[in-house]
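Have a look at final_16.csv below; it lists CSV, C-alpha atoms.
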```
chain,number,residue,atom,x,y,z
P,1,MET,CA,178.0,-72.2,-150.5
P,2,LYS,CA,176.7,-68.7,-151.5
P,3,VAL,CA,177.0,-68.1,-155.2
P,4,ALA,CA,176.6,-64.7,-156.9
P,5,LEU,CA,175.4,-64.5,-160.5
P,6,VAL,CA,176.9,-61.3,-162.0
P,7,GLN,CA,174.8,-60.4,-165.0
P,8,GLN,CA,176.7,-57.7,-166.8
P,9,ASP,CA,176.1,-55.2,-169.6
P,10,ILE,CA,179.5,-55.5,-171.3
P,11,VAL,CA,181.0,-52.4,-172.9
P,12,TRP,CA,182.3,-53.4,-176.4
P,13,GLY,CA,186.0,-53.8,-176.4
P,14,ASP,CA,186.7,-51.7,-173.3
P,15,ARG,CA,188.4,-53.8,-170.7
P,16,THR,CA,188.9,-50.8,-168.3
P,17,ALA,CA,185.2,-49.8,-168.3
P,18,ASN,CA,184.1,-53.4,-167.8
P,19,LEU,CA,186.3,-54.0,-164.9
P,20,LYS,CA,185.1,-50.8,-163.3
P,21,ARG,CA,181.5,-52.0,-163.7
P,22,LEU,CA,182.4,-55.3,-162.1
P,23,ASP,CA,184.1,-53.5,-159.2
P,24,LEU,CA,180.7,-51.9,-158.5
P,25,ALA,CA,178.8,-55.2,-158.9
P,26,LEU,CA,181.1,-56.9,-156.4
P,27,ASP,CA,180.6,-54.0,-154.0
P,28,ARG,CA,176.8,-54.4,-154.3
P,29,THR,CA,177.0,-58.1,-153.5
P,30,PRO,CA,179.2,-58.7,-150.5
P,31,GLY,CA,179.5,-62.0,-148.8
P,32,ALA,CA,179.3,-64.5,-151.6
P,33,GLU,CA,181.8,-67.4,-151.7
P,34,LEU,CA,181.8,-67.6,-155.5
P,35,TYR,CA,181.1,-64.9,-158.1
P,36,VAL,CA,180.5,-66.0,-161.7
P,37,PHE,CA,180.8,-63.6,-164.7
P,38,PRO,CA,179.6,-63.9,-168.3
P,39,GLU,CA,181.7,-65.1,-171.3
P,40,MET,CA,184.4,-62.6,-172.5
P,41,PHE,CA,183.5,-60.3,-169.6
P,42,THR,CA,186.3,-57.8,-170.4
P,43,THR,CA,185.5,-57.3,-174.1
P,44,GLY,CA,182.2,-58.8,-175.2
P,45,PHE,CA,182.0,-61.7,-177.6
P,46,ALA,CA,183.3,-61.5,-181.2
P,47,SER,CA,184.6,-64.2,-183.5
P,48,SER,CA,187.4,-61.9,-184.6
P,49,PRO,CA,190.2,-61.6,-182.1
P,50,ASP,CA,191.0,-58.2,-183.5
P,51,SER,CA,188.0,-56.8,-181.6
P,52,SER,CA,187.7,-59.1,-178.7
P,53,ILE,CA,191.1,-60.0,-177.3
P,54,ASP,CA,191.7,-58.9,-173.7
P,55,THR,CA,194.5,-56.3,-174.0
P,56,ASP,CA,196.0,-57.3,-170.7
P,57,PRO,CA,195.0,-60.8,-169.7
P,58,GLN,CA,197.5,-61.1,-167.0
P,59,GLY,CA,196.2,-57.9,-165.5
P,60,THR,CA,192.7,-59.3,-165.6
P,61,VAL,CA,193.8,-62.4,-163.8
P,62,GLU,CA,195.6,-60.2,-161.2
P,63,TRP,CA,192.3,-58.2,-160.8
P,64,MET,CA,190.5,-61.4,-160.1
P,65,LYS,CA,193.2,-62.5,-157.6
P,66,SER,CA,192.9,-59.2,-155.8
P,67,HIS,CA,189.2,-59.4,-155.4
P,68,ALA,CA,189.3,-63.1,-154.5
P,69,LYS,CA,191.8,-62.4,-151.7
P,70,ALA,CA,190.1,-59.3,-150.4
P,71,GLY,CA,186.7,-61.0,-150.4
P,72,CYS,CA,187.9,-64.4,-149.3
P,73,CYS,CA,186.0,-65.8,-152.3
P,74,ALA,CA,186.5,-67.3,-155.7
P,75,LEU,CA,185.8,-65.7,-159.1
P,76,ALA,CA,185.0,-67.4,-162.4
P,77,GLY,CA,184.5,-66.1,-166.0
P,78,SER,CA,186.0,-66.3,-169.5
P,79,ILE,CA,188.1,-63.8,-171.4
P,80,ALA,CA,189.5,-63.9,-175.0
P,81,MET,CA,193.2,-64.1,-175.1
P,82,GLU,CA,196.2,-64.8,-177.4
P,83,GLU,CA,198.9,-67.2,-176.3
P,84,ASN,CA,201.8,-68.4,-178.5
P,85,GLY,CA,200.2,-67.2,-181.6
P,86,LYS,CA,196.8,-68.9,-180.9
P,87,CYS,CA,193.6,-67.4,-179.6
P,88,PHE,CA,191.6,-69.0,-176.8
P,89,ASN,CA,188.2,-68.4,-175.2
P,90,ARG,CA,189.6,-69.1,-171.7
P,91,MET,CA,187.6,-69.4,-168.5
P,92,TYR,CA,189.6,-68.7,-165.3
P,93,PHE,CA,188.6,-69.9,-161.8
P,94,VAL,CA,190.6,-68.0,-159.2
P,95,LYS,CA,190.6,-69.0,-155.5
P,96,PRO,CA,191.1,-66.8,-152.5
P,97,ASP,CA,194.6,-68.1,-152.0
P,98,GLY,CA,195.6,-67.1,-155.5
P,99,GLU,CA,195.4,-70.5,-157.1
P,100,THR,CA,194.3,-70.1,-160.7
P,101,ILE,CA,192.8,-72.8,-162.9
P,102,PHE,CA,191.7,-72.4,-166.5
P,103,TYR,CA,189.6,-74.1,-169.1
P,104,ASP,CA,189.7,-73.4,-172.8
P,105,LYS,CA,186.3,-73.5,-174.5
P,106,ARG,CA,185.9,-76.8,-176.3
P,107,HIS,CA,182.9,-76.2,-178.5
P,108,LEU,CA,183.5,-73.1,-180.5
P,109,PHE,CA,180.5,-71.3,-182.0
P,110,SER,CA,181.0,-72.2,-185.6
P,111,PHE,CA,177.7,-70.6,-186.7
P,112,GLY,CA,179.3,-67.3,-185.7
P,113,GLY,CA,182.7,-68.0,-187.1
P,114,GLU,CA,184.5,-68.5,-183.7
P,115,HIS,CA,186.2,-71.6,-185.0
P,116,LEU,CA,187.9,-69.7,-187.8
P,117,ARG,CA,190.1,-67.6,-185.4
P,118,PHE,CA,190.0,-69.4,-182.0
P,119,THR,CA,191.5,-72.7,-181.0
P,120,PRO,CA,189.3,-75.2,-179.2
P,121,GLY,CA,190.4,-76.6,-175.9
P,122,ASN,CA,191.4,-80.2,-175.5
P,123,ARG,CA,190.7,-81.0,-171.9
P,124,ARG,CA,187.8,-81.2,-169.5
P,125,VAL,CA,188.4,-79.3,-166.3
P,126,VAL,CA,186.8,-79.9,-162.8
P,127,VAL,CA,187.8,-77.6,-160.0
P,128,GLU,CA,187.4,-78.3,-156.3
P,129,TYR,CA,186.6,-75.4,-154.0
P,130,GLY,CA,184.9,-75.1,-150.7
P,131,GLY,CA,183.9,-78.8,-150.7
P,132,VAL,CA,182.2,-78.4,-154.1
P,133,ARG,CA,183.4,-79.8,-157.4
P,134,PHE,CA,182.8,-77.5,-160.4
P,135,LEU,CA,182.8,-78.4,-164.1
P,136,LEU,CA,183.9,-75.4,-166.1
P,137,THR,CA,182.2,-74.7,-169.4
P,138,VAL,CA,181.6,-71.8,-171.7
P,139,CYS,CA,178.4,-70.9,-173.6
P,140,TYR,CA,178.1,-73.2,-176.6
P,141,ASP,CA,179.4,-76.1,-174.5
P,142,ILE,CA,176.0,-76.4,-172.8
P,143,ARG,CA,174.5,-77.8,-176.1
P,144,TYR,CA,176.8,-80.9,-175.9
P,145,PRO,CA,175.5,-83.3,-173.2
P,146,VAL,CA,178.3,-85.9,-173.8
P,147,TRP,CA,180.9,-83.3,-172.9
P,148,ASP,CA,178.9,-82.1,-170.0
P,149,ARG,CA,178.0,-85.6,-168.6
P,150,ASN,CA,178.5,-86.0,-164.9
P,151,LEU,CA,180.9,-88.9,-164.6
P,152,GLY,CA,180.6,-88.8,-160.9
P,153,ASP,CA,183.3,-86.1,-160.8
P,154,TYR,CA,181.3,-82.9,-160.3
P,155,ASP,CA,178.6,-81.4,-158.1
P,156,ALA,CA,177.9,-78.1,-160.0
P,157,MET,CA,178.4,-77.0,-163.6
P,158,ILE,CA,179.4,-73.4,-164.4
P,159,VAL,CA,178.4,-71.9,-167.7
P,160,SER,CA,179.6,-68.4,-168.7
P,161,ALA,CA,177.8,-67.1,-171.7
P,162,ASN,CA,177.0,-64.5,-174.3
P,163,TRP,CA,173.6,-66.0,-175.4
P,164,PRO,CA,171.5,-63.8,-177.8
P,165,VAL,CA,167.9,-62.9,-177.6
P,166,ALA,CA,167.2,-64.9,-180.8
P,167,ARG,CA,167.8,-68.2,-179.0
P,168,HIS,CA,166.6,-67.2,-175.5
P,169,LEU,CA,164.2,-70.1,-175.2
P,170,VAL,CA,167.1,-72.5,-175.7
P,171,TRP,CA,169.0,-70.6,-173.0
P,172,GLN,CA,166.1,-71.0,-170.6
P,173,THR,CA,165.8,-74.7,-171.3
P,174,LEU,CA,169.3,-76.1,-171.4
P,175,PRO,CA,170.5,-75.2,-167.9
P,176,VAL,CA,167.4,-77.0,-166.5
P,177,ALA,CA,168.0,-80.0,-168.7
P,178,ARG,CA,171.7,-80.3,-167.8
P,179,ALA,CA,170.8,-80.0,-164.1
P,180,ILE,CA,168.2,-82.7,-164.2
P,181,GLU,CA,170.2,-85.2,-166.4
P,182,ASN,CA,173.4,-84.8,-164.4
P,183,GLN,CA,171.7,-84.5,-160.9
P,184,SER,CA,173.9,-81.4,-160.2
P,185,TYR,CA,173.6,-77.7,-159.8
P,186,VAL,CA,174.0,-75.5,-162.9
P,187,ILE,CA,175.2,-71.9,-162.5
P,188,ALA,CA,174.5,-70.3,-165.9
P,189,VAL,CA,175.4,-66.6,-166.2
P,190,ASN,CA,174.6,-64.6,-169.4
P,191,ARG,CA,175.1,-61.0,-170.3
P,192,VAL,CA,172.6,-58.3,-171.1
P,193,GLY,CA,172.8,-55.3,-173.5
P,194,ARG,CA,173.9,-55.1,-177.1
P,195,ASP,CA,177.0,-55.6,-179.2
P,196,PRO,CA,177.5,-54.9,-182.9
P,197,MET,CA,176.0,-58.4,-183.8
P,198,CYS,CA,173.4,-59.3,-181.2
P,199,ASP,CA,171.0,-58.2,-178.4
P,200,TYR,CA,171.1,-60.1,-175.1
P,201,MET,CA,168.5,-60.3,-172.3
P,202,GLY,CA,170.3,-62.2,-169.6
P,203,GLY,CA,168.2,-64.7,-167.8
P,204,SER,CA,171.1,-65.9,-165.6
P,205,VAL,CA,170.0,-68.7,-163.2
P,206,LEU,CA,171.1,-71.1,-160.5
P,207,VAL,CA,169.3,-74.4,-161.0
P,208,ASN,CA,169.3,-77.2,-158.5
P,209,PRO,CA,169.5,-81.0,-159.3
P,210,PHE,CA,165.6,-81.2,-159.4
P,211,GLY,CA,165.7,-78.7,-162.2
P,212,ILE,CA,164.2,-75.9,-160.0
P,213,VAL,CA,165.5,-72.4,-160.5
P,214,THR,CA,166.6,-71.2,-157.0
P,215,ALA,CA,168.1,-67.8,-158.0
P,216,ARG,CA,167.5,-65.7,-161.1
P,217,CYS,CA,168.6,-62.4,-162.5
P,218,ALA,CA,165.9,-60.2,-164.1
P,219,ASP,CA,165.7,-60.1,-167.9
P,220,ASP,CA,167.1,-57.1,-169.7
P,221,ALA,CA,168.8,-55.7,-166.6
P,222,GLU,CA,172.4,-55.4,-165.3
P,223,CYS,CA,172.0,-57.0,-161.9
P,224,GLU,CA,173.2,-59.7,-159.4
P,225,ALA,CA,171.4,-62.6,-157.8
P,226,VAL,CA,172.6,-64.8,-155.0
P,227,GLY,CA,171.7,-68.4,-154.3
P,228,ASP,CA,173.0,-71.4,-152.4
P,229,ILE,CA,174.6,-74.7,-153.3
P,230,ASN,CA,173.6,-77.2,-150.7
P,231,MET,CA,175.9,-80.2,-150.8
P,232,GLN,CA,173.9,-82.2,-148.3
P,233,PHE,CA,171.0,-82.0,-150.7
P,234,VAL,CA,173.2,-83.1,-153.6
P,235,ASN,CA,174.6,-86.1,-151.7
P,236,GLU,CA,171.3,-87.2,-150.3
P,237,TYR,CA,169.5,-86.9,-153.6
P,238,ASN,CA,172.2,-88.9,-155.5
P,239,SER,CA,172.3,-91.6,-152.8
P,240,SER,CA,168.5,-92.0,-152.7
P,241,PHE,CA,167.9,-91.8,-156.5
P,242,PRO,CA,171.2,-93.0,-158.1
P,243,VAL,CA,170.2,-92.3,-161.8
P,244,LEU,CA,173.8,-91.9,-162.9
P,245,ASP,CA,174.6,-95.4,-161.9
P,246,GLY,CA,172.6,-96.6,-164.9
P,247,ALA,CA,174.2,-94.1,-167.4
P,248,ASP,CA,175.6,-95.4,-170.6
P,249,LYS,CA,179.3,-95.8,-170.8
P,250,PHE,CA,181.3,-93.9,-173.4
P,251,GLU,CA,184.7,-92.5,-174.1
P,252,ILE,CA,185.2,-88.8,-174.8
P,253,LYS,CA,187.7,-88.5,-177.6
P,254,ILE,CA,189.4,-85.1,-178.1
```
What do you get writing this file as structure tokens?
Amino acid sequence: MKVALVQQDIVWGDRTANLKRLDLALDRTPGAELYVFPEMFTTGFASSPDSSIDTDPQGTVEWMKSHAKAGCCALAGSIAMEENGKCFNRMYFVKPDGETIFYDKRHLFSFGGEHLRFTPGNRRVVVEYGGVRFLLTVCYDIRYPVWDRNLGDYDAMIVSANWPVARHLVWQTLPVARAIENQSYVIAVNRVGRDPMCDYMGGSVLVNPFGIVTARCADDAECEAVGDINMQFVNEYNSSFPVLDGADKFEIKI
């Protein structure tokens, strides 16, 4: 499966401008089967919903559906939205036939106050598409290996992020660690540019189960990179070296 990492410079609070930028990014990168965007790709990340809520979330989902249908591909990324009086950092995965699955970010960035205004998700979500099972996660989730543990239920982990320069070494390390310990691919897509709080330098990567980066976006640049998920490699590696069979048993409590 061909996967496109779409590393975006997000215009603060401007949904229309950000979708226009993504239109151009998709035009520049035809032929991928899955496109992954950063966290809160229509607005930029802010712990206050007043400045970060997508003003037309249904319109954004329809935009994703339109591109998925036209390109015979899937699209994934998170937006900030309000529903029934609560705010969620919600990742959507949209398939070419219009099927839409969502995951609400479980681990809110309390250091930045996200937990004060947003509601955490209460379910782990795995999506099957094109013969690959994807675990959906958002940014801070990648720091929590119990939540991310491969229970034999996924082949690739998607991480949409707004990860700042100040902790860039952590960003470089965790996707590799999660790939190795879970014997899965990790698709980790970060933003570049600047918002009122932080600077971002990207470093979006596709990591294979050996921990080898097989596709990478340049630092400090709005760009796209395309890599492959090889399911034969995943299956043969897990069969020949079944590390997960010896994993400790635990129960995830919400």
| Atomic distance CA of Val138 (chain P) - CA of Ser160 (chain P), expressed in Å with one decimal |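 For CA of Val138 (chain P) relative to CA of Ser160 (chain P), the distance reads 5.0 Å.
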Extract, using only C-alpha atoms, all DNA, RNA and protein residues at most 8 Å from region 21-31 of chain P, discarding same-chain residues fewer than 4 positions from it, and format them as a PDB file with C-alpha atoms, keeping the file's coordinate frame.
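Saved result, result_27.pdb, follows:
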```
ATOM      1  CA  LYS P   2     176.700 -68.700-151.500  1.00  0.00           C
ATOM      2  CA  ALA P   4     176.600 -64.700-156.900  1.00  0.00           C
ATOM      3  CA  VAL P   6     176.900 -61.300-162.000  1.00  0.00           C
ATOM      4  CA  GLN P   8     176.700 -57.700-166.800  1.00  0.00           C
ATOM      5  CA  ALA P  17     185.200 -49.800-168.300  1.00  0.00           C
ATOM      6  CA  GLY P  71     186.700 -61.000-150.400  1.00  0.00           C
ATOM      7  CA  CYS P 223     172.000 -57.000-161.900  1.00  0.00           C
ATOM      8  CA  GLU P 224     173.200 -59.700-159.400  1.00  0.00           C
TER       9      GLU P 224
END
```
| query | Can you tell me, as a PyMOL selection string, which residues sit within 12 Å of (185.5, -61.1, -172.0) in the file's frame, using all atoms listed in the file? | reply | chain P and resi 8-19+22+37-47+49+51-57+60-61+76-81+88-92+138+160-162+190-191
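Between CA of Asn182 (chain P) and CA of Asn150 (chain P) lies a distance of 5.3 Å.
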| request: Excluding Thr214 (chain P) and any residue of its chain fewer than 6 positions from it, enumerate the residues within 12 Å of it, using only C-alpha atoms, and give them as a list in words. | output: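 Everything that qualifies: Lys2, Val3, Ala4, Leu5, Val176, Tyr185, Val186, Ile187, Ala188, Ser204, Val205, Leu206, Val207, Asn208, Ala225, Val226, Gly227, Asp228, Ile229 and Asn230 of chain P.
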| field | For Ala156 (chain P), the nearest of the candidates P:Phe109, P:Phe134, P:Tyr237, P:Tyr200, counting all atoms listed in the file | value |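 Looking at the shortest contact to Ala156 (chain P), the residue is P:Phe134.
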| query | Between CA of Val189 (chain P) and CA of Leu75 (chain P), what is the spacing in Å? | reply |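 It comes out at 12.6 Å.
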